[in-house]
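K.L.:
Got a file for you: input_3.txt, compact mmCIF, C-alpha atoms and all ligand atoms.
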```txt
# COMPACT_ATOMS: atom_id res chain seq x y z
CA MET A 19 -17.97 -9.30 7.50
CA PRO A 20 -14.60 -8.86 5.84
CA LEU A 21 -14.31 -10.82 2.67
CA SER A 22 -12.26 -13.90 3.42
CA PHE A 23 -10.36 -16.24 1.16
CA GLU A 24 -11.59 -19.07 3.33
CA GLY A 25 -14.97 -20.63 2.77
CA SER A 26 -16.77 -21.48 -0.40
CA GLY A 27 -16.02 -20.05 -3.79
CA THR A 28 -13.80 -20.77 -6.72
CA VAL A 29 -10.59 -18.93 -7.43
CA LEU A 30 -12.51 -17.06 -10.12
CA ALA A 31 -15.13 -15.99 -7.60
CA GLN A 32 -12.44 -14.89 -5.15
CA ARG A 33 -10.82 -12.86 -7.90
CA GLU A 34 -14.12 -11.23 -8.79
CA HIS A 35 -14.69 -10.35 -5.14
CA PHE A 36 -11.20 -8.86 -4.90
CA THR A 37 -11.73 -6.88 -8.09
CA ASP A 38 -15.04 -5.58 -6.78
CA SER A 39 -14.23 -4.81 -3.15
CA GLY A 40 -10.47 -4.19 -3.38
CA TYR A 41 -9.39 -6.41 -0.49
CA LEU A 42 -9.17 -9.99 0.67
CA VAL A 43 -8.69 -11.31 4.21
CA LEU A 44 -6.47 -14.35 4.63
CA PRO A 45 -6.78 -15.52 8.25
CA GLY A 46 -3.80 -17.45 9.53
CA LEU A 47 -2.01 -17.55 6.19
CA LEU A 48 1.47 -17.57 7.74
CA PRO A 49 2.80 -20.68 9.51
CA ALA A 50 3.77 -20.47 13.19
CA ALA A 51 7.36 -21.49 12.46
CA LEU A 52 7.78 -18.47 10.19
CA LEU A 53 6.10 -16.13 12.69
CA ASP A 54 8.45 -17.33 15.43
CA ARG A 55 11.38 -16.17 13.34
CA LEU A 56 9.80 -12.98 12.04
CA VAL A 57 8.94 -11.41 15.38
CA PRO A 58 12.53 -11.23 16.73
CA GLU A 59 13.64 -9.89 13.36
CA VAL A 60 11.11 -7.06 13.66
CA ASP A 61 12.34 -6.37 17.19
CA ARG A 62 15.91 -6.19 15.92
CA TRP A 63 14.86 -4.04 12.96
CA VAL A 64 13.25 -1.50 15.28
CA ASP A 65 15.44 -1.71 18.40
CA ASP A 66 18.81 -1.66 16.62
CA GLY A 67 17.87 1.43 14.65
CA LEU A 68 17.84 -0.38 11.31
CA ARG A 69 14.36 0.88 10.52
CA SER A 70 15.41 4.46 11.28
CA ARG A 71 18.46 4.12 9.04
CA SER A 72 16.32 2.65 6.28
CA ILE A 73 13.99 5.64 6.45
CA ALA A 74 16.94 8.03 6.52
CA ALA A 75 18.35 6.44 3.35
CA CYS A 76 15.10 7.39 1.59
CA VAL A 77 14.69 10.84 3.10
CA ASP A 78 18.28 11.95 2.52
CA PRO A 79 19.91 9.58 0.03
CA GLY A 80 23.54 10.03 -0.96
CA ALA A 81 24.50 11.02 -4.48
CA ASP A 82 24.30 7.40 -5.61
CA GLY A 83 21.15 6.60 -3.66
CA ASP A 84 23.29 4.84 -1.07
CA PRO A 85 21.42 1.94 0.53
CA PRO A 86 21.10 1.46 4.29
CA PRO A 87 23.45 -1.08 5.92
CA VAL A 88 20.69 -3.69 6.00
CA MET A 89 17.40 -3.90 4.10
CA GLU A 90 14.29 -5.69 5.31
CA LEU A 91 14.58 -8.43 2.70
CA GLU A 92 18.08 -9.30 3.98
CA LEU A 93 16.59 -10.48 7.26
CA PRO A 94 16.15 -14.21 6.52
CA ALA A 95 12.56 -14.65 7.69
CA HIS A 96 11.52 -11.38 6.02
CA GLY A 97 13.01 -12.66 2.77
CA GLU A 98 10.94 -15.82 3.15
CA LEU A 99 7.82 -13.82 3.89
CA LEU A 100 8.34 -11.71 0.80
CA THR A 101 8.34 -14.86 -1.33
CA HIS A 102 6.00 -17.02 0.77
CA GLU A 103 4.75 -19.36 -1.91
CA PRO A 104 1.07 -19.58 -0.81
CA LEU A 105 0.90 -15.77 -0.79
CA LEU A 106 2.47 -15.43 -4.23
CA GLN A 107 0.12 -18.08 -5.60
CA ILE A 108 -2.88 -16.16 -4.26
CA ILE A 109 -1.60 -12.89 -5.75
CA ALA A 110 -1.07 -14.65 -9.07
CA ASP A 111 -4.65 -15.94 -8.90
CA LEU A 112 -6.03 -12.52 -8.01
CA LEU A 113 -4.14 -10.64 -10.71
CA GLY A 114 -4.22 -13.37 -13.31
CA ALA A 115 -0.93 -11.96 -14.55
CA PRO A 116 2.80 -11.78 -13.78
CA PHE A 117 3.88 -9.31 -11.11
CA VAL A 118 7.02 -7.67 -9.76
CA PHE A 119 8.06 -6.95 -6.18
CA HIS A 120 7.86 -3.27 -5.27
CA HIS A 121 8.92 -2.83 -1.63
CA LEU A 122 8.83 -4.29 1.87
CA HIS A 123 8.34 -2.47 5.17
CA SER A 124 8.52 -3.79 8.70
CA ASP A 125 7.43 -2.10 11.92
CA ARG A 126 6.22 -2.59 15.47
CA HIS A 127 3.31 -0.52 16.74
CA ASN A 128 3.36 -0.18 20.49
CA PRO A 129 0.21 0.23 22.63
CA GLY A 130 -1.07 3.76 22.35
CA ALA A 131 0.37 4.18 18.86
CA PRO A 132 -1.26 6.97 16.86
CA GLY A 133 -3.51 6.22 13.94
CA LYS A 134 -2.80 6.75 10.28
CA PRO A 135 -5.28 8.92 8.38
CA TRP A 136 -7.24 7.84 5.35
CA HIS A 137 -4.96 7.30 2.36
CA HIS A 138 -4.04 4.90 -0.37
CA ASP A 139 -0.62 3.63 -1.47
CA HIS A 140 -0.95 3.18 -5.22
CA GLU A 141 2.12 4.34 -7.13
CA PRO A 142 1.83 5.57 -10.71
CA ASN A 143 3.20 3.75 -13.74
CA ASP A 144 4.60 5.32 -16.87
CA THR A 145 1.55 4.57 -19.01
CA GLY A 146 -0.92 6.01 -16.51
CA ASP A 147 -2.81 2.74 -16.80
CA ARG A 148 -4.90 2.46 -13.62
CA ASP A 149 -6.15 -0.95 -14.73
CA LEU A 150 -2.73 -2.37 -13.94
CA VAL A 151 -2.98 -3.49 -10.35
CA MET A 152 -0.61 -2.86 -7.46
CA VAL A 153 -1.32 -4.77 -4.27
CA HIS A 154 -0.14 -4.53 -0.70
CA ALA A 155 -0.02 -7.62 1.48
CA LEU A 156 -0.59 -6.39 5.04
CA HIS A 157 0.80 -9.00 7.40
CA TYR A 158 -0.34 -8.92 11.03
CA LEU A 159 2.11 -11.29 12.70
CA GLY A 160 0.25 -11.43 16.01
CA GLY A 161 -3.16 -10.95 14.43
CA LEU A 162 -5.53 -8.11 15.27
CA ASP A 163 -7.52 -7.78 18.47
CA GLY A 164 -8.56 -4.14 18.49
CA THR A 165 -6.07 -3.10 21.19
CA VAL A 166 -3.48 -1.32 19.02
CA GLY A 167 -5.44 0.26 16.22
CA THR A 168 -7.71 -1.32 13.65
CA LEU A 169 -7.48 -1.64 9.90
CA THR A 170 -10.36 0.20 8.27
CA VAL A 171 -11.09 0.08 4.55
CA VAL A 172 -13.69 1.49 2.17
CA PRO A 173 -14.70 -1.34 -0.18
CA GLY A 174 -14.77 -0.30 -3.82
CA SER A 175 -12.88 2.96 -3.24
CA HIS A 176 -9.97 1.69 -5.36
CA ARG A 177 -12.07 2.32 -8.47
CA GLU A 178 -12.20 6.07 -7.83
CA PRO A 179 -9.30 8.33 -8.90
CA TRP A 180 -8.54 9.69 -5.43
CA SER A 181 -5.16 11.25 -4.82
CA LYS A 182 -3.24 9.43 -2.10
CA SER A 183 -4.14 11.85 0.66
CA ALA A 184 -7.39 13.30 -0.70
CA LEU A 185 -9.26 12.39 2.50
CA ALA A 186 -6.40 12.80 4.96
CA HIS A 187 -8.07 15.90 6.39
CA LEU A 188 -10.73 13.59 7.81
CA GLY A 189 -8.14 11.84 9.94
CA THR A 190 -9.50 8.42 10.77
CA ASP A 191 -13.12 9.51 11.11
CA PRO A 192 -15.66 6.88 10.01
CA LEU A 193 -16.64 6.92 6.33
CA PRO A 194 -19.87 5.60 4.80
CA GLY A 195 -19.62 1.95 3.86
CA GLU A 196 -16.35 1.37 5.67
CA VAL A 197 -15.36 -2.06 6.95
CA VAL A 198 -13.42 -2.35 10.20
CA ILE A 199 -11.06 -5.31 10.49
CA ASP A 200 -10.11 -5.75 14.12
CA THR A 201 -10.26 -9.47 14.83
CA LEU A 202 -7.76 -11.71 13.12
CA PRO A 203 -5.76 -14.71 14.38
CA PRO A 204 -1.94 -14.65 14.41
CA GLY A 205 -0.27 -14.85 11.05
CA SER A 206 -3.10 -13.19 9.15
CA THR A 207 -2.72 -11.23 5.96
CA VAL A 208 -5.00 -8.74 4.28
CA VAL A 209 -4.28 -8.26 0.58
CA ILE A 210 -5.53 -4.90 -0.64
CA ASN A 211 -5.55 -3.22 -4.01
CA SER A 212 -3.05 -0.44 -3.23
CA ALA A 213 -5.53 2.15 -4.52
CA LEU A 214 -8.05 1.18 -1.80
CA LEU A 215 -8.70 3.89 0.77
CA HIS A 216 -7.68 2.65 4.19
CA ALA A 217 -6.72 3.93 7.62
CA ARG A 218 -5.30 2.73 10.89
CA ARG A 219 -7.80 3.89 13.48
CA PRO A 220 -6.24 4.26 16.93
CA ALA A 221 -7.69 2.21 19.72
CA PRO A 222 -7.57 2.69 23.49
CA SER A 223 -4.92 0.20 24.52
CA PRO A 224 -5.76 -1.53 27.81
CA PRO A 225 -2.99 -2.12 30.38
CA GLY A 226 -0.86 -5.04 29.31
CA ALA A 227 -1.68 -4.70 25.61
CA LEU A 228 1.00 -6.22 23.42
CA PRO A 229 2.78 -4.49 20.53
CA ARG A 230 1.37 -5.04 17.06
CA TYR A 231 3.89 -6.53 14.64
CA PHE A 232 3.22 -5.34 11.13
CA VAL A 233 5.00 -6.11 7.87
CA ASP A 234 3.74 -4.99 4.49
CA ALA A 235 4.96 -6.09 1.09
CA SER A 236 3.79 -4.74 -2.24
CA TYR A 237 3.74 -6.18 -5.73
CA CYS A 238 2.83 -4.70 -9.12
CA GLN A 239 1.26 -6.29 -12.17
CA THR A 240 3.68 -6.14 -15.07
CA GLY A 241 2.86 -4.30 -18.30
CA ALA A 242 4.19 -0.84 -17.53
CA ARG A 243 7.12 0.67 -15.64
CA TRP A 244 6.32 1.55 -12.05
CA ARG A 245 7.71 4.36 -9.94
CA PRO A 246 10.06 3.04 -7.25
CA VAL A 247 9.79 4.45 -3.73
CA LYS A 248 13.34 3.75 -2.62
CA PRO A 249 16.34 5.50 -4.18
CA TYR A 250 18.36 2.29 -3.80
CA TRP A 251 15.72 0.18 -5.57
CA ARG A 252 18.24 -1.38 -7.99
CA HIS A 253 20.40 -2.54 -5.09
CA MET A 254 17.25 -3.93 -3.43
CA LEU A 255 16.28 -5.98 -6.49
CA ALA A 256 19.87 -7.11 -7.13
CA THR A 257 20.18 -8.28 -3.53
CA ALA A 258 16.95 -10.25 -3.81
CA ARG A 259 18.21 -11.93 -6.99
CA ALA A 260 21.62 -12.64 -5.44
CA ARG A 261 19.93 -14.26 -2.44
CA ASP A 262 17.73 -16.26 -4.82
CA LEU A 263 14.58 -15.24 -3.02
CA GLY A 264 11.71 -17.11 -4.57
CA GLY A 265 13.99 -19.83 -5.86
CA GLY A 266 13.56 -18.74 -9.48
CA ARG A 267 9.88 -19.71 -9.54
CA TRP A 268 8.79 -16.14 -10.27
CA PRO A 269 11.03 -14.84 -13.06
CA GLU A 270 9.57 -11.32 -13.16
CA LEU A 271 9.59 -10.82 -9.39
CA PHE A 272 12.87 -8.92 -9.15
CA ALA A 273 13.32 -7.69 -12.73
CA GLU A 274 14.56 -4.07 -13.07
CA ARG A 275 12.86 -3.48 -16.38
CA HIS A 276 9.50 -2.94 -14.69
CA PHE A 277 10.60 0.34 -13.06
CA THR A 278 11.24 3.93 -14.00
CA GLU A 279 14.09 5.88 -12.50
CA TYR A 280 13.71 7.03 -8.92
CA ALA A 281 12.38 10.53 -8.45
CA ARG A 282 11.60 12.16 -5.16
CA SER A 283 7.86 12.66 -4.70
CA ALA A 284 6.68 16.22 -5.06
FE FE A 301 -1.26 2.29 3.79
```
Would you put the structure from the file into structure tokens?
Ligand SMILES: [Fe+2]
P.N.:
Amino acid sequence: MPLSFEGSGTVLAQREHFTDSGYLVLPGLLPAALLDRLVPEVDRWVDDGLRSRSIAACVDPGADGDPPPVMELELPAHGELLTHEPLLQIIADLLGAPFVFHHLHSDRHNPGAPGKPWHHDHEPNDTGDRDLVMVHALHYLGGLDGTVGTLTVVPGSHREPWSKSALAHLGTDPLPGEVVIDTLPPGSTVVINSALLHARRPAPSPPGALPRYFVDASYCQTGARWRPVKPYWRHMLATARARDLGGGRWPELFAERHFTEYARSA
């Protein structure tokens, strides 16, 4: 059974479980009213080519790291999701420390979508301190029902110094000790330690299967400077501050001082 935030257990126990296994399932964390606004934003993000332009701005940035015309966090419901107070409270409980926003991605996986091989998403920081935690909040807007890929994780793998794609040659083949997460209600979130090995295993989509709406947001514990993944990261943080995302309740959330300069990955 996936470890769930629901049920018995103190915050301390939940934190210990997260530290040990590297993930936490939060069924139905997101309210329906927010989901109703998020889904059409994802459709617009994908169908209007905004996602493609966002990717292009990272792959081939201008001399000044020119931003795309619109960023995910400028979509109103996405901005609210990024700073959804219950989520940020849980992350604060899990980390027991201040944290800074790293990036937000939004996508729609259609039936028959390919899988994503084993990998992790932990970015380095300038002290090389692996004890500083980066987390990804994986939001499944319509839940998971096993029809458009499943989330598969290897509990405890975040404690091993794997490179990001060390096991990519295995594709999405089963690994010993893996946990498959394929049944979640709408508005569910899985918080993972970004260093946790995980994969999206493709599933045979039956006729009539619905697209899977997927948004992921990542956050880093403060205490070192983290490597940004977007060349326009300063513009991203400045926009979040200008829009007052989070309402000032999380003073470190959009602070530039927690980042190194952008450098293209080798
Ligand atoms: Fe990932």
K.L.:
Skipping near chain neighbours, those fewer than 6 positions away, what residues fall within 12 Å of Trp268 of chain A using only C-alpha atoms, listed as a list of chain:residue names?
P.N.:
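These residues fall inside the cut-off: A:Leu100, A:Thr101, A:His102, A:Glu103, A:Leu106, A:Gln107, A:Ile109, A:Ala110, A:Ala115, A:Pro116, A:Phe117, A:Val118, A:Phe119, A:Ala258, A:Arg259, A:Asp262.
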K.L.:
With 8 Å as the cut-off and all atoms listed in the file counted, what is the closest atom pair between each nearby residue of chain A and ligand FE 301 (chain A)? Distances in Å to one decimal, ordered by chain and number, as a tab-separated table.
P.N.:
```
residue	atom	partner	partner_atom	distance
A:His137	CA	A:FE301	FE	6.4
A:His138	CA	A:FE301	FE	5.6
A:Asp139	CA	A:FE301	FE	5.5
A:Ser212	CA	A:FE301	FE	7.7
A:His216	CA	A:FE301	FE	6.4
A:Ala217	CA	A:FE301	FE	6.9
```
K.L.:
Given all atoms listed in the file as the basis, pick out the residue of A:Ala221, A:Val209, A:Leu228, A:Leu112 nearest to Ala31 of chain A.
P.N.:
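Looking at the shortest contact to Ala31 of chain A, the residue is A:Leu112.
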K.L.:
Could you please determine the separation between atom CA of Thr145 of chain A and atom CA of Leu263 of chain A in Å, to one decimal place?
P.N.:
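If I compute the distance from atom CA of Thr145 of chain A to atom CA of Leu263 of chain A, I get 28.6 Å.
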K.L.:
Of the candidates A:Lys248, A:His253, A:Arg71, A:Arg230, which shows the shortest atom-to-atom distance to Ala273 of chain A, using all atoms listed in the file?
P.N.:
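Distance minimum relative to Ala273 of chain A lands on A:His253.
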K.L.:
If you count all atoms listed in the file, which residues fall within 10 Å of Asp147 of chain A, apart from same-chain ones fewer than 4 positions away, as a list in words?
P.N.:
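Surrounding residues, per the criterion: Pro142, Asn143, Val151, Gly241 and Ala242 of chain A.
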K.L.:
By how many Å are atom CA of Gln32 of chain A and atom CA of Met152 of chain A apart?
P.N.:
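Atom CA of Met152 of chain A lies at a distance of 17.0 Å from atom CA of Gln32 of chain A.
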K.L.:
I'd like to know which of A:Asp191, A:Asp78, A:Asp38, A:Glu270 is closest to Trp136 of chain A, using only C-alpha atoms.
P.N.:
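That would be A:Asp191, the residue with the smallest distance to Trp136 of chain A.
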K.L.:
Using the partial input, fill out segment 163-174 of chain A with N, CA, C and O atoms; write the result as a PDB file, in the coordinates of the input.
P.N.:
```pdb
ATOM      1  N   ASP A 163      -6.536  -7.581  17.406  1.00  0.00           N
ATOM      2  CA  ASP A 163      -7.520  -7.780  18.470  1.00  0.00           C
ATOM      3  C   ASP A 163      -8.139  -6.470  18.938  1.00  0.00           C
ATOM      4  O   ASP A 163      -8.788  -6.419  19.983  1.00  0.00           O
ATOM      5  N   GLY A 164      -7.923  -5.403  18.177  1.00  0.00           N
ATOM      6  CA  GLY A 164      -8.560  -4.140  18.490  1.00  0.00           C
ATOM      7  C   GLY A 164      -7.882  -3.346  19.596  1.00  0.00           C
ATOM      8  O   GLY A 164      -8.399  -2.310  20.018  1.00  0.00           O
ATOM      9  N   THR A 165      -6.721  -3.810  20.079  1.00  0.00           N
ATOM     10  CA  THR A 165      -6.070  -3.100  21.190  1.00  0.00           C
ATOM     11  C   THR A 165      -5.013  -2.110  20.732  1.00  0.00           C
ATOM     12  O   THR A 165      -4.635  -1.227  21.498  1.00  0.00           O
ATOM     13  N   VAL A 166      -4.507  -2.249  19.521  1.00  0.00           N
ATOM     14  CA  VAL A 166      -3.480  -1.320  19.020  1.00  0.00           C
ATOM     15  C   VAL A 166      -3.871  -0.882  17.621  1.00  0.00           C
ATOM     16  O   VAL A 166      -3.189  -1.180  16.640  1.00  0.00           O
ATOM     17  N   GLY A 167      -4.991  -0.226  17.522  1.00  0.00           N
ATOM     18  CA  GLY A 167      -5.440   0.260  16.220  1.00  0.00           C
ATOM     19  C   GLY A 167      -6.121  -0.829  15.411  1.00  0.00           C
ATOM     20  O   GLY A 167      -5.904  -2.024  15.621  1.00  0.00           O
ATOM     21  N   THR A 168      -6.983  -0.394  14.512  1.00  0.00           N
ATOM     22  CA  THR A 168      -7.710  -1.320  13.650  1.00  0.00           C
ATOM     23  C   THR A 168      -7.479  -0.931  12.199  1.00  0.00           C
ATOM     24  O   THR A 168      -7.256   0.236  11.882  1.00  0.00           O
ATOM     25  N   LEU A 169      -7.529  -1.907  11.334  1.00  0.00           N
ATOM     26  CA  LEU A 169      -7.480  -1.640   9.900  1.00  0.00           C
ATOM     27  C   LEU A 169      -8.899  -1.336   9.428  1.00  0.00           C
ATOM     28  O   LEU A 169      -9.823  -2.108   9.684  1.00  0.00           O
ATOM     29  N   THR A 170      -9.049  -0.216   8.754  1.00  0.00           N
ATOM     30  CA  THR A 170     -10.360   0.200   8.270  1.00  0.00           C
ATOM     31  C   THR A 170     -10.243   0.487   6.778  1.00  0.00           C
ATOM     32  O   THR A 170      -9.317   1.185   6.356  1.00  0.00           O
ATOM     33  N   VAL A 171     -11.149  -0.077   6.005  1.00  0.00           N
ATOM     34  CA  VAL A 171     -11.090   0.080   4.550  1.00  0.00           C
ATOM     35  C   VAL A 171     -12.449   0.524   4.023  1.00  0.00           C
ATOM     36  O   VAL A 171     -13.466   0.342   4.685  1.00  0.00           O
ATOM     37  N   VAL A 172     -12.438   1.114   2.846  1.00  0.00           N
ATOM     38  CA  VAL A 172     -13.690   1.490   2.170  1.00  0.00           C
ATOM     39  C   VAL A 172     -13.804   0.633   0.912  1.00  0.00           C
ATOM     40  O   VAL A 172     -13.143   0.908  -0.100  1.00  0.00           O
ATOM     41  N   PRO A 173     -14.591  -0.439   0.974  1.00  0.00           N
ATOM     42  CA  PRO A 173     -14.700  -1.340  -0.180  1.00  0.00           C
ATOM     43  C   PRO A 173     -15.105  -0.588  -1.449  1.00  0.00           C
ATOM     44  O   PRO A 173     -16.011   0.255  -1.421  1.00  0.00           O
ATOM     45  N   GLY A 174     -14.438  -0.900  -2.535  1.00  0.00           N
ATOM     46  CA  GLY A 174     -14.770  -0.300  -3.820  1.00  0.00           C
ATOM     47  C   GLY A 174     -14.087   1.025  -4.087  1.00  0.00           C
ATOM     48  O   GLY A 174     -14.120   1.519  -5.222  1.00  0.00           O
TER      49      GLY A 174
END
```
